[in-house]
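The file start.txt comes next; it holds compact mmCIF, C-alpha atoms.
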# COMPACT_ATOMS: atom_id res chain seq x y z
CA MET A 1 98.68 93.12 139.61
CA ALA A 2 95.03 94.20 139.61
CA VAL A 3 95.83 96.95 137.12
CA CYS A 4 97.66 94.48 134.90
CA ARG A 5 94.68 92.09 134.97
CA ARG A 6 92.29 94.91 134.07
CA LEU A 7 94.55 95.97 131.18
CA ALA A 8 94.74 92.35 130.00
CA ARG A 9 90.94 92.05 130.05
CA LEU A 10 90.62 95.35 128.20
CA ALA A 11 93.10 94.19 125.55
CA ALA A 12 91.22 90.89 125.18
CA ASN A 13 87.93 92.73 124.73
CA LEU A 14 89.44 95.07 122.14
CA GLN A 15 90.88 92.09 120.26
CA ASP A 16 87.58 90.18 120.31
CA PRO A 17 86.28 89.73 116.73
CA ARG A 18 82.74 90.18 118.02
CA GLY A 19 83.55 93.86 118.52
CA VAL A 20 84.49 94.11 114.83
CA ALA A 21 81.30 92.27 113.83
CA ALA A 22 79.21 94.61 115.99
CA PHE A 23 80.78 97.66 114.29
CA GLN A 24 80.06 96.12 110.90
CA ARG A 25 76.42 95.48 111.79
CA LEU A 26 76.14 99.05 113.08
CA CYS A 27 77.36 100.22 109.65
CA GLY A 28 74.91 97.96 107.80
CA VAL A 29 77.25 95.15 106.71
CA GLU A 30 75.65 91.70 106.41
CA GLY A 31 77.08 88.30 105.65
CA PRO A 32 75.17 85.55 103.85
CA ALA A 33 72.21 83.88 105.58
CA GLY A 34 73.27 81.98 108.71
CA TRP A 35 76.66 83.69 108.77
CA ALA A 36 76.55 84.85 112.37
CA GLY A 37 75.52 81.40 113.51
CA SER A 38 78.21 79.51 111.63
CA ARG A 39 80.22 77.19 113.80
CA GLY A 40 83.87 77.66 114.46
CA PRO A 41 86.02 80.62 113.51
CA VAL A 42 88.54 80.05 110.76
CA ALA A 43 92.24 80.79 111.23
CA ASN A 44 93.37 84.19 110.01
CA GLY A 45 89.92 85.22 108.92
CA GLY A 46 89.22 82.70 106.16
CA SER A 47 85.84 81.54 104.91
CA PRO A 48 83.96 78.95 106.97
CA PRO A 49 84.20 75.25 106.09
CA GLY A 50 82.13 74.39 103.06
CA GLY A 51 83.01 77.55 101.15
CA ARG A 52 80.50 80.21 100.13
CA ARG A 53 77.16 80.56 101.85
CA HIS A 54 74.33 81.98 99.77
CA PRO A 55 71.14 83.50 101.14
CA ALA A 56 68.11 81.35 100.53
CA GLY A 57 66.16 82.62 97.56
CA ASN A 58 66.36 86.35 96.89
CA GLY A 59 68.01 87.46 100.16
CA ALA A 60 65.51 85.58 102.34
CA VAL A 61 66.40 83.93 105.63
CA PRO A 62 65.32 80.26 105.71
CA GLY A 63 61.98 79.99 107.42
CA GLY A 64 61.45 83.75 107.40
CA ALA A 65 59.58 86.26 105.31
CA ALA A 66 60.94 87.27 101.92
CA ALA A 67 63.36 90.17 102.06
CA ALA A 68 63.84 93.01 99.63
CA PRO A 69 66.36 92.37 96.83
CA GLN A 70 69.90 93.03 98.03
CA ARG A 71 73.10 93.71 96.16
CA TRP A 72 75.71 91.13 97.15
CA ARG A 73 79.37 91.91 96.58
CA ARG A 74 82.63 89.99 96.61
CA PRO A 75 85.89 91.11 98.23
CA ARG A 76 88.81 92.29 96.10
CA ARG A 77 91.16 89.38 95.39
CA ASN A 78 94.95 89.18 95.58
CA SER A 79 96.40 87.32 92.60
CA LEU A 80 99.43 86.14 94.61
CA THR A 81 97.41 84.24 97.20
CA GLU A 82 94.91 81.42 96.96
CA GLU A 83 92.17 83.53 98.49
CA ASP A 84 89.29 83.23 96.05
CA GLY A 85 87.29 86.13 97.49
CA CYS A 86 84.06 84.12 97.21
CA GLN A 87 82.61 85.17 100.58
CA GLU A 88 79.72 87.39 99.61
CA PHE A 89 78.44 90.29 101.67
CA ASN A 90 75.83 92.99 101.51
CA ALA A 91 76.42 96.63 102.46
CA ARG A 92 73.10 98.29 103.29
CA SER A 93 74.65 101.77 103.38
CA ARG A 94 76.29 102.48 100.04
CA PHE A 95 77.57 105.79 101.41
CA LEU A 96 79.50 104.11 104.23
CA TYR A 97 80.72 101.37 101.91
CA TYR A 98 82.26 103.82 99.45
CA LEU A 99 83.46 106.14 102.23
CA PHE A 100 85.36 103.38 104.01
CA SER A 101 86.56 101.95 100.69
CA LEU A 102 88.11 105.37 100.08
CA GLY A 103 89.58 105.28 103.58
CA THR A 104 91.23 101.92 103.02
CA GLU A 105 92.61 103.09 99.66
CA LEU A 106 94.47 105.85 101.52
CA GLY A 107 96.83 103.10 102.66
CA ASN A 108 97.19 101.29 99.33
CA GLU A 109 99.58 101.56 96.38
CA LEU A 110 97.14 103.49 94.19
CA PHE A 111 97.05 106.35 96.69
CA TYR A 112 100.82 106.41 97.17
CA ILE A 113 101.53 106.49 93.44
CA LEU A 114 99.27 109.54 93.12
CA PHE A 115 99.88 111.40 96.39
CA PHE A 116 103.68 111.41 96.61
CA PRO A 117 104.26 112.32 92.93
CA PHE A 118 101.65 115.10 93.10
CA CYS A 119 103.32 116.51 96.20
CA ILE A 120 106.83 116.39 94.69
CA TRP A 121 106.00 117.55 91.16
CA ASN A 122 103.36 120.16 91.94
CA LEU A 123 103.61 121.32 95.56
CA ASP A 124 106.89 121.01 97.41
CA ALA A 125 109.67 118.49 96.70
CA TRP A 126 111.30 119.37 100.04
CA LEU A 127 108.13 118.26 101.82
CA GLY A 128 107.61 115.21 99.61
CA ARG A 129 111.08 113.79 100.28
CA ARG A 130 110.63 114.03 104.03
CA LEU A 131 107.18 112.47 103.92
CA ILE A 132 108.60 109.50 102.01
CA ILE A 133 111.46 109.08 104.51
CA ILE A 134 108.98 108.91 107.39
CA TRP A 135 106.56 106.68 105.45
CA VAL A 136 109.31 104.16 104.60
CA TRP A 137 110.44 103.75 108.21
CA VAL A 138 106.92 103.64 109.63
CA MET A 139 105.84 100.97 107.16
CA TYR A 140 109.03 98.92 107.48
CA VAL A 141 108.89 98.81 111.27
CA GLY A 142 105.16 98.03 111.16
CA GLN A 143 105.51 95.17 108.65
CA CYS A 144 108.40 93.62 110.58
CA THR A 145 106.47 93.90 113.84
CA LYS A 146 103.58 92.00 112.27
CA ASP A 147 105.88 89.10 111.38
CA VAL A 148 107.34 89.06 114.89
CA ILE A 149 104.04 89.18 116.83
CA ARG A 150 102.17 86.91 114.34
CA TRP A 151 98.61 87.58 115.50
CA PRO A 152 95.97 86.32 113.07
CA ARG A 153 93.31 88.42 111.39
CA PRO A 154 89.90 88.64 113.13
CA ALA A 155 88.09 85.31 112.93
CA SER A 156 85.50 84.96 110.18
CA PRO A 157 82.76 84.26 111.20
CA PRO A 158 81.60 86.31 113.08
CA VAL A 159 83.50 88.98 111.10
CA VAL A 160 82.46 89.55 107.48
CA LYS A 161 85.44 90.00 105.16
CA LEU A 162 84.87 92.92 102.81
CA GLU A 163 88.49 92.62 101.65
CA VAL A 164 90.86 89.65 101.29
CA PHE A 165 93.69 91.40 99.43
CA TYR A 166 95.96 91.42 102.51
CA ASN A 167 94.38 88.47 104.28
CA SER A 168 97.56 86.35 104.19
CA GLU A 169 99.37 88.94 106.35
CA TYR A 170 99.29 89.04 110.12
CA SER A 171 97.12 91.55 111.93
CA MET A 172 99.00 93.31 114.75
CA PRO A 173 99.62 96.23 114.31
CA SER A 174 97.52 97.70 111.52
CA THR A 175 99.97 99.21 109.03
CA HIS A 176 97.07 101.00 107.35
CA ALA A 177 96.40 102.72 110.68
CA MET A 178 100.12 103.45 111.02
CA SER A 179 100.41 105.10 107.60
CA GLY A 180 97.02 106.78 108.05
CA THR A 181 98.35 108.33 111.26
CA ALA A 182 101.96 109.07 110.30
CA ILE A 183 101.36 110.70 106.91
CA PRO A 184 98.78 113.35 107.92
CA LEU A 185 100.57 114.13 111.19
CA ALA A 186 103.94 114.39 109.43
CA LEU A 187 102.30 116.52 106.74
CA LEU A 188 101.04 118.88 109.44
CA LEU A 189 104.35 119.00 111.35
CA LEU A 190 106.46 119.57 108.24
CA SER A 191 104.20 121.98 106.36
CA TYR A 192 102.91 124.26 109.09
CA GLY A 193 104.96 127.44 108.99
CA ARG A 194 106.36 126.52 105.57
CA TRP A 195 102.89 126.85 104.03
CA GLN A 196 100.31 129.47 104.94
CA TYR A 197 97.12 127.89 106.26
CA PRO A 198 95.15 127.98 109.54
CA LEU A 199 96.42 125.52 112.13
CA MET A 200 92.84 124.42 112.81
CA PHE A 201 92.47 123.40 109.14
CA GLY A 202 95.57 121.18 109.41
CA LEU A 203 94.37 119.61 112.66
CA ILE A 204 90.92 118.87 111.25
CA LEU A 205 92.41 117.37 108.07
CA ALA A 206 94.78 115.16 110.07
CA PHE A 207 91.99 114.02 112.40
CA CYS A 208 89.57 113.19 109.56
CA TRP A 209 92.27 111.43 107.51
CA CYS A 210 93.44 109.34 110.46
CA SER A 211 89.91 108.51 111.66
CA LEU A 212 88.74 107.48 108.20
CA VAL A 213 91.66 105.10 107.60
CA CYS A 214 91.50 103.57 111.08
CA CYS A 215 87.74 103.01 111.05
CA SER A 216 87.87 101.61 107.50
CA ARG A 217 90.08 98.71 108.62
CA ILE A 218 87.52 97.65 111.21
CA TYR A 219 84.67 98.13 108.73
CA MET A 220 86.48 95.96 106.17
CA GLY A 221 86.90 93.21 108.76
CA MET A 222 90.68 93.20 108.42
CA HIS A 223 91.68 94.35 111.91
CA SER A 224 90.47 94.20 115.48
CA ILE A 225 89.97 97.39 117.44
CA LEU A 226 93.17 96.61 119.36
CA ASP A 227 95.17 96.31 116.10
CA VAL A 228 94.05 99.76 115.01
CA ILE A 229 94.71 101.42 118.38
CA ALA A 230 98.16 99.81 118.53
CA GLY A 231 98.93 100.96 114.98
CA PHE A 232 97.87 104.51 115.82
CA LEU A 233 100.05 104.68 118.96
CA TYR A 234 102.96 102.88 117.29
CA ALA A 235 102.99 105.39 114.43
CA ILE A 236 103.06 108.30 116.87
CA LEU A 237 105.98 106.69 118.72
CA ILE A 238 107.95 106.20 115.48
CA LEU A 239 107.11 109.75 114.41
CA ILE A 240 108.45 111.10 117.71
CA VAL A 241 111.74 109.28 117.05
CA PHE A 242 112.18 110.08 113.35
CA HIS A 243 110.73 113.57 112.99
CA PRO A 244 113.63 115.31 114.79
CA VAL A 245 116.20 113.59 112.53
CA VAL A 246 114.38 113.70 109.18
CA ASP A 247 116.27 116.85 108.14
CA LEU A 248 119.60 115.16 108.88
CA ILE A 249 118.58 112.08 106.88
CA ASP A 250 117.49 114.16 103.89
CA ASP A 251 120.65 116.25 104.01
CA PHE A 252 122.74 113.04 104.13
CA ASN A 253 120.85 111.64 101.11
CA LEU A 254 121.50 114.81 99.13
CA THR A 255 125.05 115.75 99.96
CA TYR A 256 127.11 112.80 101.13
CA LYS A 257 129.33 111.45 98.37
CA TYR A 258 128.70 107.77 99.05
CA ALA A 259 125.06 108.14 100.09
CA PRO A 260 123.61 106.08 97.18
CA LEU A 261 125.87 103.11 97.94
CA ILE A 262 125.05 103.21 101.65
CA ILE A 263 121.30 103.67 101.05
CA ILE A 264 121.04 100.84 98.52
CA SER A 265 123.05 98.46 100.73
CA LEU A 266 121.18 99.37 103.91
CA HIS A 267 117.72 99.03 102.39
CA LEU A 268 118.66 95.75 100.71
CA ALA A 269 119.98 94.36 104.01
CA LEU A 270 116.77 95.43 105.76
CA GLY A 271 114.76 93.69 103.04
CA ILE A 272 116.71 90.45 103.42
CA PHE A 273 116.22 90.63 107.19
CA SER A 274 112.46 91.08 106.82
CA PHE A 275 112.27 88.03 104.53
CA THR A 276 113.77 85.85 107.28
CA LEU A 277 111.19 86.74 109.92
CA ASP A 278 108.44 84.37 108.80
CA THR A 279 107.13 82.17 106.01
CA TRP A 280 105.87 83.73 102.79
CA SER A 281 103.09 86.31 102.84
CA THR A 282 102.29 89.38 100.78
CA SER A 283 103.81 91.54 103.53
CA ARG A 284 107.33 90.44 102.55
CA GLY A 285 106.94 91.71 98.99
CA ASP A 286 105.30 94.91 100.22
CA THR A 287 108.25 95.49 102.56
CA ALA A 288 110.76 95.09 99.72
CA GLN A 289 108.60 97.38 97.59
CA ILE A 290 108.59 100.12 100.24
CA LEU A 291 112.35 99.84 100.81
CA GLY A 292 113.03 99.90 97.07
CA CYS A 293 110.87 102.98 96.60
CA GLY A 294 112.62 104.76 99.46
CA ALA A 295 116.06 103.89 98.09
CA GLY A 296 115.11 105.01 94.59
CA VAL A 297 113.77 108.36 95.80
CA ALA A 298 116.89 108.96 97.92
CA CYS A 299 119.23 108.10 95.02
CA GLY A 300 117.22 110.27 92.63
CA SER A 301 117.41 113.17 95.07
CA HIS A 302 121.19 112.71 95.31
CA VAL A 303 121.57 112.71 91.51
CA ASN A 304 119.46 115.88 91.28
CA TYR A 305 121.67 117.60 93.85
CA MET A 306 124.89 116.53 92.13
CA MET A 307 123.59 117.71 88.74
CA GLY A 308 122.31 121.01 90.11
CA VAL A 309 118.65 120.19 89.40
CA LYS A 310 116.62 122.17 91.93
CA LEU A 311 113.07 121.01 92.58
CA ASP A 312 112.66 122.75 95.95
CA PRO A 313 110.93 126.15 95.99
CA PRO A 314 113.38 129.08 96.37
CA LEU A 315 113.86 130.21 99.96
CA ASP A 316 112.70 133.74 99.13
CA THR A 317 109.23 132.38 98.20
CA LEU A 318 108.63 130.98 101.71
CA PRO A 319 106.14 130.72 103.27
CA LEU A 320 104.25 129.16 100.37
CA SER A 321 100.59 129.82 99.70
CA LEU A 322 97.79 128.33 97.61
CA SER A 323 96.28 131.77 97.01
CA SER A 324 98.09 132.04 93.66
CA LEU A 325 96.27 128.98 92.27
CA THR A 326 94.83 129.70 88.82
CA VAL A 327 93.19 127.62 86.12
CA THR A 328 96.47 127.52 84.19
CA VAL A 329 98.48 126.40 87.21
CA PHE A 330 95.88 123.75 88.06
CA GLY A 331 95.80 122.49 84.47
CA LYS A 332 99.59 122.15 84.37
CA ALA A 333 99.55 120.30 87.69
CA ILE A 334 97.03 117.76 86.39
CA LEU A 335 98.96 117.38 83.13
CA ARG A 336 102.20 116.79 85.04
CA LEU A 337 100.51 114.20 87.21
CA LEU A 338 98.99 112.41 84.21
CA ILE A 339 102.20 112.30 82.17
CA GLY A 340 104.37 111.48 85.18
CA VAL A 341 102.21 108.63 86.46
CA ILE A 342 102.10 107.11 82.96
CA ILE A 343 105.92 107.15 82.91
CA LEU A 344 106.01 105.54 86.36
CA LEU A 345 103.58 102.81 85.33
CA LEU A 346 105.51 102.10 82.13
CA THR A 347 108.70 101.89 84.22
CA LYS A 348 107.02 99.45 86.60
CA ILE A 349 105.74 97.24 83.76
CA ALA A 350 109.09 97.19 81.95
CA MET A 351 111.08 96.40 85.10
CA LYS A 352 108.64 93.68 86.12
CA LYS A 353 108.93 91.95 82.75
CA ALA A 354 112.72 92.12 82.98
CA THR A 355 113.44 91.30 86.62
CA ILE A 356 111.19 88.27 87.25
CA PRO A 357 112.49 86.11 84.34
CA LEU A 358 116.05 87.27 85.03
CA ALA A 359 115.85 86.35 88.73
CA CYS A 360 114.32 82.98 87.86
CA LYS A 361 117.11 82.32 85.36
CA ILE A 362 119.89 83.36 87.74
CA PHE A 363 118.60 81.25 90.64
CA ARG A 364 117.33 78.42 88.39
CA ILE A 365 113.73 78.68 89.51
CA PRO A 366 110.97 77.53 87.11
CA HIS A 367 108.90 80.53 86.04
CA ASP A 368 106.06 78.71 84.32
CA ASP A 369 103.91 79.56 87.35
CA VAL A 370 104.82 83.18 88.16
CA ARG A 371 102.74 83.20 91.34
CA LYS A 372 104.67 80.28 92.83
CA ALA A 373 107.99 81.67 91.63
CA ARG A 374 107.28 84.99 93.36
CA GLN A 375 106.80 83.20 96.64
CA ARG A 376 110.54 82.54 96.63
CA MET A 377 112.74 85.20 98.23
CA GLU A 378 115.28 84.89 95.39
CA VAL A 379 112.62 86.18 92.97
CA GLU A 380 110.32 88.41 94.99
CA LEU A 381 113.01 90.46 96.76
CA PRO A 382 115.01 91.51 93.66
CA TYR A 383 111.83 91.98 91.61
CA ARG A 384 110.17 94.30 94.12
CA TYR A 385 113.34 96.06 95.23
CA ILE A 386 114.73 96.78 91.74
CA THR A 387 111.36 97.54 90.13
CA TYR A 388 110.17 99.99 92.76
CA GLY A 389 113.68 101.35 93.19
CA MET A 390 113.51 102.39 89.54
CA VAL A 391 110.00 103.76 90.05
CA GLY A 392 111.27 105.88 92.96
CA PHE A 393 114.29 107.03 90.96
CA SER A 394 112.06 107.95 88.01
CA LEU A 395 109.72 109.84 90.32
CA MET A 396 112.53 111.95 91.71
CA SER A 397 114.92 112.39 88.78
CA ILE A 398 113.79 111.11 85.36
CA VAL A 399 110.25 112.49 85.30
CA PRO A 400 111.30 116.05 86.37
CA CYS A 401 113.88 115.97 83.54
CA VAL A 402 111.10 115.02 81.11
CA PHE A 403 108.99 117.92 82.42
CA HIS A 404 111.93 120.28 81.86
CA PHE A 405 112.42 118.96 78.32
CA ILE A 406 108.76 119.42 77.30
CA GLY A 407 108.36 122.76 79.10
CA LEU A 408 106.20 121.62 82.02
CA SER A 409 108.67 122.24 84.86
Turn the structure described in the file into structure tokens.
Amino acid sequence: MAVCRRLARLAANLQDPRGVAAFQRLCGVEGPAGWAGSRGPVANGGSPPGGRRHPAGNGAVPGGAAAAPQRWRRPRRNSLTEEDGCQEFNARSRFLYYLFSLGTELGNELFYILFFPFCIWNLDAWLGRRLIIIWVWVMYVGQCTKDVIRWPRPASPPVVKLEVFYNSEYSMPSTHAMSGTAIPLALLLLSYGRWQYPLMFGLILAFCWCSLVCCSRIYMGMHSILDVIAGFLYAILILIVFHPVVDLIDDFNLTYKYAPLIIISLHLALGIFSFTLDTWSTSRGDTAQILGCGAGVACGSHVNYMMGVKLDPPLDTLPLSLSSLTVTVFGKAILRLLIGVIILLLTKIAMKKATIPLACKIFRIPHDDVRKARQRMEVELPYRYITYGMVGFSLMSIVPCVFHFIGLS
């Protein structure tokens, strides 16, 4: 019992928002004047009553000496929520601000739409498919766990919110920490021996990647220390379960006759289940988006296999090496990435314009206010699932065919 009490106290201390605020102050993050002394934390990390607090004068504390001019910023806003992002903050260390902004982007859509395509089109499709399989399951389990546990974001104040994009989601565990742990570790486990590089290089890369993402979520004020630690350990647990079977899953996706039907049905059922766990938040749409992307990639891989399109490096070229990198090879890789991402973005835009009005029409939901319409499962689930399913399918099948047609394969 004494051990349990000590663990409970430790967990409470790690969940305390004051620990997050202390880390932010250590990194030079400041809220508006009087922020730390504001009364009453706000549920799920919102702004304090009364809205925005401005520093008196030019960054001066009331009753104190004038301070040097400071550059106040506003958090990035999510168009689907009513978060107005008006809580201003000042980051004294621009280096840390941009470093941790980069770290948090390693768990966002922009990174995924660049990293996975680059890996599949330019490095190793075999590796890319397996990374996506692991990423999909890690993110799905993490998002569902959030909606089951339902812990709020760190209270603000005392925490300063440098980001409100995901503020409507629950906090435990940190899915950024989960993806920031699972992807580099899976990359190391799957690539070592298949690619020629020093093991120490892979370990250092995985450590730096994971540390940067995890610390960035505390810096941004989006997660407690406990959320991040739990996300890190949770990702390792899921990786232990799925890594031994990832080859079987990929082989099933490629070779089984009815794999596309099973994959689409399974992922859709998982998406519907996730939408029933809690009231609306951006996490539900993100979950459908992840499942759709995974289904699209799996179906595209199956089509490639059936059509005899081989994206994997020949077995006689293993182990692979970066020593053959030349200016021409690098230029083609960048050109493939540029053309391919443009095709993916055009696919996303076209599918979005088609699926939202169609879903609204089928389910008789007014679509004058798209934001409100997308808060309905009947709209958000098919929009995200179909749109990103097509993006995943294009990534795996359509774009490589375009490369072959224009001589870039």
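Those residues that approach stretch 104-112 of chain A to within 7 Å, counting all atoms listed in the file, are His176, Ser179, Gly180, Val213, Ser216 and Arg217 of chain A; same-chain residues fewer than 5 positions away are not listed.
Distance check against A:Cys299 using all atoms listed in the file: of A:Gln143, A:Thr328, A:Thr255, A:Ser93, the minimum falls on A:Thr255.
Atom CA of A:Leu381 is found 9.5 Å from atom CA of A:Ala359.
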Which of A:Val246, A:Val341, A:Val3, A:Ala288 sits closest to A:Leu270 [using all atoms listed in the file]: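 Answer, going by the shortest atom-to-atom distance: A:Ala288.
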Residue contacts of A:Ile349 (12 Å, only C-alpha atoms) excluding same-chain residues fewer than 3 positions away, as a list of chain:residue names: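 The neighbour list is A:Ile342, A:Ile343, A:Leu344, A:Leu345, A:Leu346, A:Lys352, A:Lys353, A:Ala354, A:Thr355, A:Ile356, A:Tyr383, A:Arg384, A:Thr387, A:Tyr388, A:Met390, A:Val391.
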Let's have the selection written as a PDB file, in the frame of the given file, with C-alpha atoms.
ATOM      1  CA  ILE A 342     102.100 107.110  82.960  1.00  0.00           C
ATOM      2  CA  ILE A 343     105.920 107.150  82.910  1.00  0.00           C
ATOM      3  CA  LEU A 344     106.010 105.540  86.360  1.00  0.00           C
ATOM      4  CA  LEU A 345     103.580 102.810  85.330  1.00  0.00           C
ATOM      5  CA  LEU A 346     105.510 102.100  82.130  1.00  0.00           C
ATOM      6  CA  LYS A 352     108.640  93.680  86.120  1.00  0.00           C
ATOM      7  CA  LYS A 353     108.930  91.950  82.750  1.00  0.00           C
ATOM      8  CA  ALA A 354     112.720  92.120  82.980  1.00  0.00           C
ATOM      9  CA  THR A 355     113.440  91.300  86.620  1.00  0.00           C
ATOM     10  CA  ILE A 356     111.190  88.270  87.250  1.00  0.00           C
ATOM     11  CA  TYR A 383     111.830  91.980  91.610  1.00  0.00           C
ATOM     12  CA  ARG A 384     110.170  94.300  94.120  1.00  0.00           C
ATOM     13  CA  THR A 387     111.360  97.540  90.130  1.00  0.00           C
ATOM     14  CA  TYR A 388     110.170  99.990  92.760  1.00  0.00           C
ATOM     15  CA  MET A 390     113.510 102.390  89.540  1.00  0.00           C
ATOM     16  CA  VAL A 391     110.000 103.760  90.050  1.00  0.00           C
TER      17      VAL A 391
END
Calculate how many Å separate atom CA of A:Arg150 from atom CA of A:Phe23, rounding to one decimal.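 Atom-to-atom, atom CA of A:Arg150 and atom CA of A:Phe23 are spaced 23.9 Å apart.
Residues in contact range of A:Leu185, defined as at most 12 Å between all atoms listed in the file, with sequence neighbours fewer than 5 positions away removed, read Leu131, Ile134, Trp135, Met178, Ser179, Gly180, Leu190, Ser191, Tyr192, Gly202, Leu203, Ile204, Leu205, Ala206, Phe207, Cys208, Trp209, Cys210, Phe232, Ala235, Ile236, Leu237, Ile238, Leu239, Ile240 and His243 of chain A.
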Include C-alpha atoms and write out the residues we just selected as a PDB file, keeping the file's coordinate frame.
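Contents of the output file out-v3.pdb:
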ATOM      1  CA  LEU A 131     107.180 112.470 103.920  1.00  0.00           C
ATOM      2  CA  ILE A 134     108.980 108.910 107.390  1.00  0.00           C
ATOM      3  CA  TRP A 135     106.560 106.680 105.450  1.00  0.00           C
ATOM      4  CA  MET A 178     100.120 103.450 111.020  1.00  0.00           C
ATOM      5  CA  SER A 179     100.410 105.100 107.600  1.00  0.00           C
ATOM      6  CA  GLY A 180      97.020 106.780 108.050  1.00  0.00           C
ATOM      7  CA  LEU A 190     106.460 119.570 108.240  1.00  0.00           C
ATOM      8  CA  SER A 191     104.200 121.980 106.360  1.00  0.00           C
ATOM      9  CA  TYR A 192     102.910 124.260 109.090  1.00  0.00           C
ATOM     10  CA  GLY A 202      95.570 121.180 109.410  1.00  0.00           C
ATOM     11  CA  LEU A 203      94.370 119.610 112.660  1.00  0.00           C
ATOM     12  CA  ILE A 204      90.920 118.870 111.250  1.00  0.00           C
ATOM     13  CA  LEU A 205      92.410 117.370 108.070  1.00  0.00           C
ATOM     14  CA  ALA A 206      94.780 115.160 110.070  1.00  0.00           C
ATOM     15  CA  PHE A 207      91.990 114.020 112.400  1.00  0.00           C
ATOM     16  CA  CYS A 208      89.570 113.190 109.560  1.00  0.00           C
ATOM     17  CA  TRP A 209      92.270 111.430 107.510  1.00  0.00           C
ATOM     18  CA  CYS A 210      93.440 109.340 110.460  1.00  0.00           C
ATOM     19  CA  PHE A 232      97.870 104.510 115.820  1.00  0.00           C
ATOM     20  CA  ALA A 235     102.990 105.390 114.430  1.00  0.00           C
ATOM     21  CA  ILE A 236     103.060 108.300 116.870  1.00  0.00           C
ATOM     22  CA  LEU A 237     105.980 106.690 118.720  1.00  0.00           C
ATOM     23  CA  ILE A 238     107.950 106.200 115.480  1.00  0.00           C
ATOM     24  CA  LEU A 239     107.110 109.750 114.410  1.00  0.00           C
ATOM     25  CA  ILE A 240     108.450 111.100 117.710  1.00  0.00           C
ATOM     26  CA  HIS A 243     110.730 113.570 112.990  1.00  0.00           C
TER      27      HIS A 243
END
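Note that atom CA of A:Leu320 and atom CA of A:Val138 are 27.3 Å apart.
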With all atoms listed in the file as the atoms that count, which of A:Met307, A:Cys27, A:Val241, A:Leu325 lies nearest to A:Leu254?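 Residue with the minimum atom-to-atom distance to A:Leu254: A:Met307.
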Residues within 9 Å of A:Ile218, all atoms listed in the file, excluding chain neighbours under 2 positions, as a VMD selection string: chain A and resid 20 to 21 23 to 24 214 to 216 220 to 225 228
Output file for the residues above (C-alpha atoms, as a JSON list (two decimals), in the frame of the given file):
[["chain", "number", "residue", "atom", "x", "y", "z"],
["A", 20, "VAL", "CA", 84.49, 94.11, 114.83],
["A", 21, "ALA", "CA", 81.30, 92.27, 113.83],
["A", 23, "PHE", "CA", 80.78, 97.66, 114.29],
["A", 24, "GLN", "CA", 80.06, 96.12, 110.90],
["A", 214, "CYS", "CA", 91.50, 103.57, 111.08],
["A", 215, "CYS", "CA", 87.74, 103.01, 111.05],
["A", 216, "SER", "CA", 87.87, 101.61, 107.50],
["A", 220, "MET", "CA", 86.48, 95.96, 106.17],
["A", 221, "GLY", "CA", 86.90, 93.21, 108.76],
["A", 222, "MET", "CA", 90.68, 93.20, 108.42],
["A", 223, "HIS", "CA", 91.68, 94.35, 111.91],
["A", 224, "SER", "CA", 90.47, 94.20, 115.48],
["A", 225, "ILE", "CA", 89.97, 97.39, 117.44],
["A", 228, "VAL", "CA", 94.05, 99.76, 115.01]]
Could you check which of A:Leu408, A:Ile362, A:Ile398, A:Cys144 is closest to A:Gly331, using all atoms listed in the file? A:Leu408
Find the residues around A:Gln289 up to 7 Å (only C-alpha atoms counted), leave out those fewer than 3 positions away in its own chain, and share them as a list of chain:residue names.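 Skipping anything fewer than 3 positions along the chain leaves A:Gly285, A:Asp286, A:Gly292, A:Cys293, A:Arg384, A:Tyr385, A:Tyr388.
Proximity to A:Val303 was assessed for A:Arg18, A:Lys257, A:Arg376, A:Arg5 counting only C-alpha atoms; the smallest distance is recorded for A:Lys257.
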